[in-house]
file work.cif (mmCIF, C-alpha atoms)
data_run
loop_
_atom_site.label_atom_id
_atom_site.label_comp_id
_atom_site.auth_asym_id
_atom_site.auth_seq_id
_atom_site.Cartn_x
_atom_site.Cartn_y
_atom_site.Cartn_z
CA MET U 502 0.00 0.00 0.00
CA GLU U 503 1.18 3.45 -0.84
CA PRO U 504 2.01 5.58 2.18
CA SER U 505 -0.64 8.11 2.99
CA GLY U 506 -0.28 11.30 1.05
CA ALA U 507 -2.15 13.28 3.64
CA GLY U 508 -0.29 16.51 4.35
CA ARG U 509 2.31 15.79 1.69
CA LYS U 510 2.61 18.46 -0.95
CA GLU U 511 2.53 17.31 -4.48
CA ARG U 512 5.84 18.16 -6.12
CA PRO U 513 5.60 20.36 -9.18
CA LYS U 514 6.19 18.60 -12.43
CA PRO U 515 9.88 18.94 -13.41
CA ARG U 516 10.50 21.19 -16.41
CA GLU U 517 10.92 19.48 -19.68
CA PRO U 518 14.63 19.05 -20.36
CA ALA U 519 14.14 20.49 -23.87
CA ALA U 520 12.59 23.69 -22.52
CA ARG U 521 15.39 24.03 -19.98
CA LEU U 522 17.98 23.52 -22.69
CA GLU U 523 16.29 26.08 -24.92
CA LYS U 524 16.28 28.62 -22.14
CA ALA U 525 19.98 28.01 -21.48
CA LYS U 526 20.73 28.43 -25.17
CA GLN U 527 18.81 31.71 -25.29
CA LYS U 528 20.66 32.98 -22.26
CA SER U 529 23.98 32.02 -23.77
CA ALA U 530 23.09 33.70 -27.06
CA GLN U 531 22.06 36.84 -25.23
CA GLN U 532 25.32 36.86 -23.31
CA GLU U 533 27.30 36.46 -26.53
CA LEU U 534 25.38 39.30 -28.12
CA LYS U 535 26.10 41.53 -25.14
CA GLN U 536 29.81 40.72 -25.32
CA ARG U 537 29.88 41.41 -29.03
CA GLN U 538 28.02 44.68 -28.61
CA ARG U 539 30.35 45.71 -25.81
CA ALA U 540 33.39 45.14 -27.99
CA GLU U 541 31.88 47.17 -30.82
CA ILE U 542 30.77 49.94 -28.46
CA TYR U 543 34.25 50.38 -27.10
CA ALA U 544 35.78 50.28 -30.58
CA LEU U 545 33.29 52.95 -31.65
CA ASN U 546 33.90 54.97 -28.51
CA ARG U 547 37.59 55.04 -29.25
CA VAL U 548 36.94 56.46 -32.72
CA MET U 549 34.47 59.05 -31.45
CA THR U 550 36.73 60.05 -28.56
CA GLU U 551 39.56 60.69 -31.00
CA LEU U 552 37.26 62.76 -33.17
CA GLU U 553 36.12 64.85 -30.22
CA GLN U 554 39.70 65.40 -29.11
CA GLN U 555 40.81 66.45 -32.60
CA GLN U 556 37.96 68.91 -32.88
CA PHE U 557 38.60 70.32 -29.43
CA ASP U 558 42.32 70.73 -30.09
CA SER U 559 41.63 72.49 -33.40
CA PHE U 560 39.14 74.79 -31.76
CA CYS U 561 41.59 75.67 -28.98
CA LYS U 562 44.26 76.47 -31.55
CA GLN U 563 41.87 78.71 -33.42
CA MET U 564 40.93 80.50 -30.23
CA GLN U 565 44.56 81.04 -29.36
CA ALA U 566 45.35 82.23 -32.86
CA SER U 567 42.51 84.72 -32.75
CA GLY U 568 43.97 86.08 -29.53
CA GLU U 569 40.87 84.98 -27.61
CA PRO M 908 20.17 64.78 -31.06
CA PHE M 909 20.68 62.75 -27.96
CA PHE M 910 19.66 59.11 -27.83
CA VAL M 911 18.91 56.89 -24.88
CA ASN M 912 18.73 53.13 -24.87
CA ARG M 913 15.49 52.40 -23.08
CA GLY M 914 15.28 48.69 -23.81
CA GLY M 915 17.97 47.36 -21.52
CA LEU M 916 20.87 45.14 -22.59
CA PRO M 917 21.68 43.72 -25.01
CA VAL M 918 20.70 46.77 -27.04
CA ASP M 919 17.71 46.01 -29.23
CA GLU M 920 18.02 46.20 -32.97
CA PRO M 921 16.23 49.53 -33.61
CA THR M 922 18.33 51.28 -30.97
CA TRP M 923 21.50 49.64 -32.25
CA GLU M 924 20.84 50.70 -35.82
CA ARG M 925 19.95 54.20 -34.70
CA MET M 926 23.30 54.44 -32.90
CA TRP M 927 25.21 53.54 -36.05
CA ARG M 928 23.13 55.82 -38.23
CA HIS M 929 23.87 58.70 -35.90
CA VAL M 930 27.59 57.96 -36.02
CA GLY M 931 27.44 57.82 -39.79
CA ARG M 932 25.89 61.26 -39.86
CA ILE M 933 28.29 63.00 -37.53
CA HIS M 934 31.67 61.40 -38.26
CA PRO M 935 33.61 62.82 -41.22
CA GLU M 936 34.20 59.29 -42.50
CA GLY M 937 30.47 58.61 -42.40
CA GLU M 938 29.42 55.01 -42.77
CA ARG M 939 32.97 53.76 -43.12
CA VAL M 940 33.24 53.91 -39.34
CA ALA M 941 30.46 51.38 -38.98
CA GLN M 942 31.81 49.25 -41.82
CA ARG M 943 35.19 48.98 -40.10
CA ILE M 944 33.80 48.03 -36.74
CA ARG M 945 30.57 46.10 -37.23
CA GLY M 946 31.27 42.43 -37.59
CA ALA M 947 35.03 42.92 -37.36
CA ALA M 948 36.75 39.78 -36.12
CA ASP M 949 39.72 41.46 -34.50
CA LEU M 950 38.21 43.96 -32.11
CA PRO M 951 40.23 44.44 -28.94
CA LYS M 952 38.96 42.64 -25.88
CA ILE M 953 38.13 45.19 -23.21
CA PRO M 954 38.43 43.75 -19.72
CA ILE M 955 35.64 44.44 -17.30
CA PRO M 956 37.02 46.71 -14.59
CA SER M 957 36.92 45.40 -11.05
CA VAL M 958 34.71 47.29 -8.65
CA PRO M 959 37.04 48.83 -6.08
CA ALA M 960 37.13 47.09 -2.72
CA PHE M 961 38.81 48.52 0.32
CA GLN M 962 40.33 47.49 3.58
CA PRO M 963 38.58 49.11 6.54
CA SER M 964 41.74 51.07 7.21
CA THR M 965 41.88 52.68 3.75
CA PRO M 966 41.45 56.43 4.16
CA ILE M 967 38.46 57.98 2.50
CA PRO M 968 40.43 60.27 0.15
CA GLU M 969 42.26 57.22 -1.17
CA ARG M 970 38.98 55.39 -1.66
CA LEU M 971 37.60 58.33 -3.60
CA GLU M 972 40.60 58.24 -5.90
CA ALA M 973 39.99 54.54 -6.50
CA VAL M 974 36.31 55.12 -7.18
CA GLN M 975 37.17 57.87 -9.63
CA ARG M 976 39.72 55.63 -11.36
CA TYR M 977 37.03 52.99 -11.76
CA ILE M 978 34.56 55.49 -13.22
CA ARG M 979 37.22 56.78 -15.57
CA GLU M 980 38.07 53.27 -16.70
CA LEU M 981 34.54 52.82 -17.99
CA GLN M 982 35.25 55.82 -20.26
CA TYR M 983 33.15 58.78 -21.21
CA ASN M 984 30.50 57.79 -23.67
CA HIS M 985 31.10 59.59 -26.96
CA THR M 986 28.94 57.28 -29.08
CA GLY M 987 25.89 59.54 -28.99
CA THR M 988 23.71 56.88 -27.40
CA GLN M 989 23.37 56.59 -23.66
CA PHE M 990 23.21 52.93 -22.70
CA PHE M 991 21.56 53.13 -19.29
CA GLU M 992 18.27 54.91 -18.81
CA ILE M 993 18.14 56.94 -15.63
CA LYS M 994 14.88 58.28 -14.30
CA LYS M 995 15.84 60.83 -11.71
CA SER M 996 12.59 60.41 -9.81
CA ARG M 997 13.15 56.73 -9.11
CA PRO M 998 13.61 55.70 -5.51
CA LEU M 999 17.21 55.33 -4.50
CA THR M 1000 16.91 51.56 -4.30
CA GLY M 1001 15.98 51.37 -7.98
CA LEU M 1002 18.85 53.64 -8.96
CA MET M 1003 21.24 51.48 -6.94
CA ASP M 1004 20.01 48.39 -8.80
CA LEU M 1005 20.80 50.24 -12.01
CA ALA M 1006 24.26 51.14 -10.69
CA LYS M 1007 24.91 47.49 -9.94
CA GLU M 1008 23.91 46.65 -13.50
CA MET M 1009 26.34 49.31 -14.74
CA THR M 1010 29.17 47.58 -12.91
CA LYS M 1011 28.19 44.21 -14.39
CA GLU M 1012 27.74 45.42 -17.96
CA ALA M 1013 30.67 47.88 -17.84
CA LEU M 1014 29.92 50.20 -20.72
CA PRO M 1015 30.90 53.83 -21.40
CA ILE M 1016 28.83 56.28 -19.39
CA LYS M 1017 27.92 59.93 -19.22
CA CYS M 1018 27.76 62.38 -16.34
CA LEU M 1019 24.41 61.43 -14.80
CA GLU M 1020 25.25 57.75 -14.87
CA ALA M 1021 28.56 58.54 -13.19
CA VAL M 1022 26.72 60.34 -10.38
CA ILE M 1023 24.51 57.31 -9.75
CA LEU M 1024 27.53 55.06 -9.88
CA GLY M 1025 29.43 57.36 -7.53
CA ILE M 1026 26.62 57.14 -5.01
CA TYR M 1027 26.57 53.36 -5.27
CA LEU M 1028 30.32 53.02 -4.83
CA THR M 1029 30.45 55.31 -1.81
CA ASN M 1030 27.41 54.06 0.11
CA ASN M 1031 29.65 52.22 2.56
CA MET M 1032 31.57 55.41 3.35
CA THR M 1033 29.24 56.62 6.01
CA THR M 1034 31.42 59.53 7.04
CA LEU M 1035 31.29 60.90 3.50
CA ASP M 1036 28.40 63.13 2.50
CA ARG M 1037 27.33 63.03 -1.14
CA PHE M 1038 25.15 65.51 -2.93
CA PRO M 1039 24.49 66.20 -6.60
CA ILE M 1040 25.75 69.41 -8.20
CA SER M 1041 24.20 70.40 -11.53
CA PHE M 1042 25.59 73.07 -13.82
CA LYS M 1043 23.99 74.97 -16.62
CA THR M 1044 26.39 76.86 -18.83
CA HIS M 1045 26.33 78.89 -21.98
CA PHE M 1046 28.65 78.58 -24.96
CA SER M 1047 28.34 80.01 -28.40
CA GLY M 1048 24.60 80.46 -28.37
CA ASN M 1049 23.69 77.20 -26.70
CA TYR M 1050 23.10 75.97 -23.19
CA PHE M 1051 24.79 72.91 -21.75
CA ARG M 1052 24.07 70.86 -18.70
CA HIS M 1053 26.39 68.77 -16.60
CA ILE M 1054 26.26 67.07 -13.25
CA VAL M 1055 28.81 65.78 -10.76
CA LEU M 1056 28.57 64.20 -7.34
CA GLY M 1057 29.73 66.64 -4.70
CA VAL M 1058 31.37 65.07 -1.67
CA ASN M 1059 32.17 66.38 1.77
CA PHE M 1060 34.60 64.56 4.02
CA GLY M 1061 35.65 66.05 7.30
CA GLY M 1062 34.58 69.50 6.20
CA ARG M 1063 36.53 69.33 2.93
CA TYR M 1064 34.66 69.40 -0.33
CA GLY M 1065 35.40 67.57 -3.54
CA ALA M 1066 33.61 65.85 -6.40
CA LEU M 1067 33.32 62.62 -8.34
CA GLY M 1068 32.07 62.32 -11.88
CA ILE M 1069 32.87 62.06 -15.52
CA SER M 1070 33.07 64.64 -18.26
CA ARG M 1071 34.56 65.21 -21.67
CA ARG M 1072 36.78 67.77 -19.95
CA GLU M 1073 39.26 66.62 -17.34
CA GLU M 1074 38.74 69.68 -15.17
CA LEU M 1075 35.01 69.21 -14.88
CA MET M 1076 34.88 65.92 -13.06
CA TYR M 1077 37.05 64.70 -10.21
CA LYS M 1078 38.02 67.12 -7.50
CA ALA M 1079 39.98 65.83 -4.52
CA PRO M 1080 38.30 66.65 -1.21
CA VAL M 1081 40.56 69.59 -0.39
CA PHE M 1082 38.28 72.58 -0.76
CA ARG M 1083 37.58 74.25 2.54
CA THR M 1084 34.18 75.56 1.55
CA LEU M 1085 31.48 74.63 -0.92
CA SER M 1086 31.98 78.03 -2.54
CA GLU M 1087 35.60 77.29 -3.25
CA LEU M 1088 34.63 74.03 -4.94
CA ILE M 1089 31.96 75.67 -7.09
CA PHE M 1090 34.23 78.58 -8.00
CA ASP M 1091 36.82 76.05 -9.08
CA PHE M 1092 34.30 74.51 -11.44
CA GLU M 1093 33.35 77.96 -12.65
CA GLU M 1094 36.94 78.73 -13.47
CA ALA M 1095 37.33 75.38 -15.21
CA TYR M 1096 34.31 76.21 -17.32
CA ARG M 1097 35.74 79.62 -18.13
CA ARG M 1098 38.93 77.95 -19.41
CA CYS M 1099 36.86 76.12 -22.00
CA TRP M 1100 34.90 79.23 -22.86
CA HIS M 1101 31.71 78.26 -21.07
CA THR M 1102 29.89 80.78 -18.90
CA LEU M 1103 28.28 79.39 -15.79
CA LYS M 1104 24.63 80.36 -15.64
CA LYS M 1105 23.00 78.21 -13.00
CA VAL M 1106 24.00 75.86 -10.26
CA LYS M 1107 21.59 73.41 -8.70
CA LEU M 1108 22.62 71.74 -5.50
CA GLY M 1109 20.97 68.65 -4.19
CA HIS M 1110 20.68 67.53 -0.62
CA CYS M 1111 22.75 64.80 0.94
CA VAL M 1112 21.95 61.35 -0.39
CA SER M 1113 21.13 58.50 1.97
CA HIS M 1114 23.76 55.82 2.41
CA ASP M 1115 21.09 53.13 2.52
CA PRO M 1116 21.09 51.39 -0.87
CA HIS M 1117 17.60 50.07 -0.16
CA SER M 1118 16.12 53.43 0.70
CA VAL M 1119 12.91 54.30 -1.10
CA GLU M 1120 13.67 58.01 -0.82
CA GLN M 1121 14.11 59.97 -3.97
CA ILE M 1122 17.28 61.91 -4.55
CA GLU M 1123 16.66 65.57 -4.01
CA TRP M 1124 18.38 67.09 -7.02
CA LYS M 1125 17.44 70.72 -6.55
CA HIS M 1126 17.44 71.74 -2.93
CA SER M 1127 19.00 75.05 -3.98
CA ILE M 1128 18.76 76.63 -7.41
CA LEU M 1129 21.15 79.49 -7.94
CA ASP M 1130 20.77 81.69 -11.00
CA LEU M 1131 24.00 83.60 -11.51
CA ASP M 1132 22.25 86.21 -13.65
CA LYS M 1133 20.14 87.16 -10.67
CA LEU M 1134 22.74 87.08 -7.93
CA THR M 1135 25.66 89.27 -7.11
CA ARG M 1136 28.93 87.49 -6.63
CA GLU M 1137 28.67 87.86 -2.89
CA ASP M 1138 25.07 86.65 -2.81
CA PHE M 1139 26.07 83.64 -4.88
CA ARG M 1140 28.73 82.80 -2.36
CA LYS M 1141 26.35 83.33 0.53
CA GLU M 1142 23.74 81.06 -1.03
CA LEU M 1143 26.32 78.37 -1.56
CA GLU M 1144 27.35 78.59 2.07
CA ARG M 1145 23.74 78.55 3.10
CA HIS M 1146 23.32 75.30 1.25
CA ALA M 1147 26.43 73.96 2.90
CA ARG M 1148 25.01 74.90 6.26
CA ASP M 1149 21.73 73.20 5.42
CA MET M 1150 23.62 70.05 4.61
CA ARG M 1151 25.61 70.21 7.82
CA LEU M 1152 22.43 70.58 9.78
CA LYS M 1153 20.89 67.83 7.67
CA ILE M 1154 17.92 70.02 7.01
CA GLY M 1155 15.71 68.81 4.27
CA LYS M 1156 12.16 67.97 3.38
CA GLY M 1157 10.20 67.14 6.46
CA ALA M 1158 13.26 67.18 8.62
CA GLY M 1159 12.99 70.72 9.89
CA PRO M 1160 12.86 74.29 8.73
CA PRO M 1161 15.27 75.43 6.05
CA SER M 1162 17.84 78.09 6.84
CA PRO M 1163 16.10 81.41 7.29
CA THR M 1164 16.37 83.35 4.10
CA LYS M 1165 15.13 86.69 3.01
CA ASP M 1166 16.56 86.75 -0.44
CA ARG M 1167 16.84 83.14 -1.55
CA LYS M 1168 16.57 83.41 -5.26
CA LYS M 1169 14.46 80.73 -6.73
CA ASP M 1170 14.83 80.06 -10.37
CA VAL M 1171 11.61 81.05 -12.03
CA SER M 1172 12.68 81.02 -15.61
CA SER M 1173 13.27 77.29 -15.84
CA PRO M 1174 10.26 75.12 -15.20
CA GLN M 1175 10.79 71.96 -13.19
CA ARG M 1176 12.21 69.47 -15.60
CA GLY M 1177 10.45 66.28 -16.40
CA GLN M 1178 11.87 63.35 -14.57
CA ALA M 1179 13.05 61.36 -17.51
CA SER M 1180 16.69 60.94 -18.24
CA PRO M 1181 18.99 62.01 -19.68
CA HIS M 1182 20.48 65.15 -18.34
CA ARG M 1183 19.94 66.89 -21.61
CA ARG M 1184 22.12 69.31 -23.40
CA ASN M 1185 21.58 71.43 -26.41
CA SER M 1186 23.25 70.01 -29.41
CA ARG M 1187 24.62 72.32 -31.96
CA GLY M 1188 22.03 74.38 -33.67
CA ASP M 1189 19.14 73.14 -31.50
CA ARG M 1190 17.07 75.63 -29.58
CA ARG M 1191 15.16 74.76 -26.46
CA PRO M 1192 11.44 75.44 -26.49
CA SER M 1193 11.62 76.34 -22.81
CA GLY M 1194 11.56 80.05 -23.34
CA GLU M 1195 15.03 80.54 -22.01
CA LYS M 1196 16.48 83.54 -23.69
CA LYS M 1197 19.73 83.23 -25.48
CA PRO M 1198 21.99 86.06 -24.43
CA ALA M 1199 23.73 88.03 -27.12
CA ASP M 1200 27.17 86.63 -27.77
CA SER M 1201 29.66 88.91 -26.17
CA LYS M 1202 32.35 87.48 -28.39
CA ALA M 1203 32.10 85.69 -31.68
CA MET M 1204 33.54 82.19 -31.54
CA PRO M 1205 35.53 80.76 -34.44
CA ASP M 1206 33.29 78.42 -36.32
CA LEU M 1207 34.81 74.98 -36.66
CA ASN M 1208 31.96 73.64 -38.78
CA GLY M 1209 29.67 74.46 -35.87
CA TYR M 1210 31.79 72.62 -33.30
CA GLN M 1211 30.47 73.07 -29.80
CA ILE M 1212 32.68 72.58 -26.79
CA ARG M 1213 30.62 70.11 -24.86
CA VAL M 1214 31.40 69.15 -21.34
#
call {"tool": "encode", "arguments": {"input": "work.cif", "output": "structure tokens"}}
result
Amino acid sequence: MEPSGAGRKERPKPREPAARLEKAKQKSAQQELKQRQRAEIYALNRVMTELEQQQFDSFCKQMQASGE
Amino acid sequence: PFFVNRGGLPVDEPTWERMWRHVGRIHPEGERVAQRIRGAADLPKIPIPSVPAFQPSTPIPERLEAVQRYIRELQYNHTGTQFFEIKKSRPLTGLMDLAKEMTKEALPIKCLEAVILGIYLTNNMTTLDRFPISFKTHFSGNYFRHIVLGVNFGGRYGALGISRREELMYKAPVFRTLSELIFDFEEAYRRCWHTLKKVKLGHCVSHDPHSVEQIEWKHSILDLDKLTREDFRKELERHARDMRLKIGKGAGPPSPTKDRKKDVSSPQRGQASPHRRNSRGDRRPSGEKKPADSKAMPDLNGYQIRV
């Protein structure tokens, strides 16, 4: 005879392994995308920082040349 | 234009494409910038900076230097797209969650993000007071806004933050008065041809990262066009006194004031981020008058010295 189930909570059905795997794959893909984006953002930021610096330096030179 | 990523990370496709389109428009090399970077196999790997950790015996000034080094290592965000959305009206606890995300994702940031991060990284320094300092300046027909995190340690004032300009961010806590600190910023602005117009000083921020209080961004609003030099200094010291007495909303009466100048020309800003600036050529619909240029600036294809 099965032991009495009185008072025993029924365990939730375990997730399907396929669904769990899919979720892990999605998470991994998202993480890869973030890493890729981060690399591109910093590469872009380097270019834009250089541009800003060049423009600022040129402007300062012009200001100095015009005697402020 | 000024773009904000409102969809979290990774950046969604529309926001991502908008970022690259913007870059293509503003960089002299146009779309070649994107072509060189997007999909490139050999991009440098950028390590994620370690959040500074301290021994209990590490002096506060040293900790502040380490915090500032960390902020600097993230880099100022020149891409034209802000990656973290900051709603200034959020409870502190929400902003601290966002700060934690910033440390995990480790992306370039702008001044408002640096303030939130600065608060997060100094919460465990209970002898350090932190308060936001906002600046509004004028340059070549446009207004610009910037914000840093003021700090007060043992009666000495300093600041944490990030800016395009080195002199408009970190200040070691060596200034004997709040006025001296603000005047230092004013002089730094003057050196890059910006005229300081308004200063907004917030109240001290709670050290409790789970606090549901909102940051008070504008406890004092000082309009330099409406104040004499001496009154400006007095108002700054009044604010400093308020902070020392920890006087704020619901905590007691403010310092008695006869002539506290409240800014009436600028309506209360909406709470959404970012801390906006005028881009070149844009005009604000706020009714703020543009003063006549006292001196014509050389035109470098409309280059604006942003801070």
call {"tool": "closest_residue", "arguments": {"input": "work.cif", "among": "U:Glu541, U:Glu517, U:Glu551, U:Asp558", "to": "chain M", "atoms": "only C-alpha atoms"}}
result
U:Glu541
call {"tool": "interface_residues", "arguments": {"input": "work.cif", "of": "chain M", "to": "chain U", "cutoff": "9 Å", "atoms": "all atoms listed in the file", "output": "mmCIF file with C-alpha atoms, in the frame of the given file"}}
result
data_model
loop_
_atom_site.group_PDB
_atom_site.id
_atom_site.type_symbol
_atom_site.label_atom_id
_atom_site.label_comp_id
_atom_site.auth_asym_id
_atom_site.auth_seq_id
_atom_site.Cartn_x
_atom_site.Cartn_y
_atom_site.Cartn_z
ATOM 1 C CA LEU M 916 20.870 45.140 -22.590
ATOM 2 C CA PRO M 917 21.680 43.720 -25.010
ATOM 3 C CA VAL M 918 20.700 46.770 -27.040
ATOM 4 C CA TRP M 923 21.500 49.640 -32.250
ATOM 5 C CA VAL M 930 27.590 57.960 -36.020
ATOM 6 C CA HIS M 934 31.670 61.400 -38.260
ATOM 7 C CA PRO M 935 33.610 62.820 -41.220
ATOM 8 C CA VAL M 940 33.240 53.910 -39.340
ATOM 9 C CA ALA M 941 30.460 51.380 -38.980
ATOM 10 C CA ILE M 944 33.800 48.030 -36.740
ATOM 11 C CA ARG M 945 30.570 46.100 -37.230
ATOM 12 C CA GLY M 946 31.270 42.430 -37.590
ATOM 13 C CA ALA M 947 35.030 42.920 -37.360
ATOM 14 C CA LEU M 950 38.210 43.960 -32.110
ATOM 15 C CA PRO M 951 40.230 44.440 -28.940
ATOM 16 C CA LYS M 952 38.960 42.640 -25.880
ATOM 17 C CA ILE M 953 38.130 45.190 -23.210
ATOM 18 C CA GLN M 982 35.250 55.820 -20.260
ATOM 19 C CA TYR M 983 33.150 58.780 -21.210
ATOM 20 C CA ASN M 984 30.500 57.790 -23.670
ATOM 21 C CA HIS M 985 31.100 59.590 -26.960
ATOM 22 C CA THR M 986 28.940 57.280 -29.080
ATOM 23 C CA GLY M 987 25.890 59.540 -28.990
ATOM 24 C CA GLU M 1012 27.740 45.420 -17.960
ATOM 25 C CA ALA M 1013 30.670 47.880 -17.840
ATOM 26 C CA LEU M 1014 29.920 50.200 -20.720
ATOM 27 C CA PRO M 1015 30.900 53.830 -21.400
ATOM 28 C CA ARG M 1071 34.560 65.210 -21.670
ATOM 29 C CA CYS M 1099 36.860 76.120 -22.000
ATOM 30 C CA LYS M 1202 32.350 87.480 -28.390
ATOM 31 C CA MET M 1204 33.540 82.190 -31.540
ATOM 32 C CA PRO M 1205 35.530 80.760 -34.440
ATOM 33 C CA ASP M 1206 33.290 78.420 -36.320
ATOM 34 C CA LEU M 1207 34.810 74.980 -36.660
ATOM 35 C CA TYR M 1210 31.790 72.620 -33.300
ATOM 36 C CA GLN M 1211 30.470 73.070 -29.800
ATOM 37 C CA ILE M 1212 32.680 72.580 -26.790
#
call {"tool": "atom_distance", "arguments": {"input": "work.cif", "atom1": "CA of Gly1065 (chain M)", "atom2": "CA of Arg1151 (chain M)"}}
result
15.2 Å
call {"tool": "axis_aligned_box", "arguments": {"input": "work.cif", "around": "region 1069-1086 of chain M", "padding_each_side": "8 Å", "output": "lines of an AutoDock Vina configuration file"}}
result
center_x = 36.0
center_y = 70.0
center_z = -9.6
size_x = 25.1
size_y = 32.0
size_z = 40.2
call {"tool": "resolve_selection", "arguments": {"input": "work.cif", "expression": "the PyMOL selection byres ((chain M and resi 1127) around 9)", "output": "list in words"}}
result
Val1106, Lys1107, Leu1108, Gly1109, His1110, Trp1124, Lys1125, His1126, Ile1128, Leu1129, Glu1142, Leu1143, His1146, Arg1167, Lys1168 and Lys1169 of chain M
call {"tool": "write_last_selection", "arguments": {"input": "work.cif", "atoms": "C-alpha atoms", "output": "compact mmCIF listing (two decimals), keeping the file's coordinate frame"}}
result
# COMPACT_ATOMS: atom_id res chain seq x y z
CA VAL M 1106 24.00 75.86 -10.26
CA LYS M 1107 21.59 73.41 -8.70
CA LEU M 1108 22.62 71.74 -5.50
CA GLY M 1109 20.97 68.65 -4.19
CA HIS M 1110 20.68 67.53 -0.62
CA TRP M 1124 18.38 67.09 -7.02
CA LYS M 1125 17.44 70.72 -6.55
CA HIS M 1126 17.44 71.74 -2.93
CA ILE M 1128 18.76 76.63 -7.41
CA LEU M 1129 21.15 79.49 -7.94
CA GLU M 1142 23.74 81.06 -1.03
CA LEU M 1143 26.32 78.37 -1.56
CA HIS M 1146 23.32 75.30 1.25
CA ARG M 1167 16.84 83.14 -1.55
CA LYS M 1168 16.57 83.41 -5.26
CA LYS M 1169 14.46 80.73 -6.73
call {"tool": "residues_around", "arguments": {"input": "work.cif", "residues": "region 1036-1053 of chain M", "least_positions_apart": "4", "cutoff": "6 Å", "atoms": "all atoms listed in the file", "output": "number ranges by chain"}}
result
M: 1057-1059, 1101-1112, 1184-1185
call {"tool": "atom_distance", "arguments": {"input": "work.cif", "atom1": "CA of Gln975 (chain M)", "atom2": "CA of Phe1139 (chain M)"}}
result
28.5 Å
call {"tool": "atom_distance", "arguments": {"input": "work.cif", "atom1": "CA of Lys1078 (chain M)", "atom2": "CA of Phe1092 (chain M)"}}
result
9.2 Å
call {"tool": "residues_around", "arguments": {"input": "work.cif", "residues": "Asp1091 (chain M)", "least_positions_apart": "2", "cutoff": "12 Å", "atoms": "only C-alpha atoms", "output": "NGL selection string"}}
result
:M and (1064-1066 or 1074-1079 or 1081-1089 or 1093-1098 or 1103)
call {"tool": "residues_around", "arguments": {"input": "work.cif", "residues": "Asp1004 (chain M)", "least_positions_apart": "6", "cutoff": "10 Å", "atoms": "all atoms listed in the file", "output": "list in words"}}
result
Tyr1027, Pro1116 and His1117 of chain M
call {"tool": "closest_residue", "arguments": {"input": "work.cif", "among": "M:Lys1141, M:Glu924, M:Met1009, M:Lys1017", "to": "Arg1072 (chain M)", "atoms": "only C-alpha atoms"}}
result
M:Lys1017
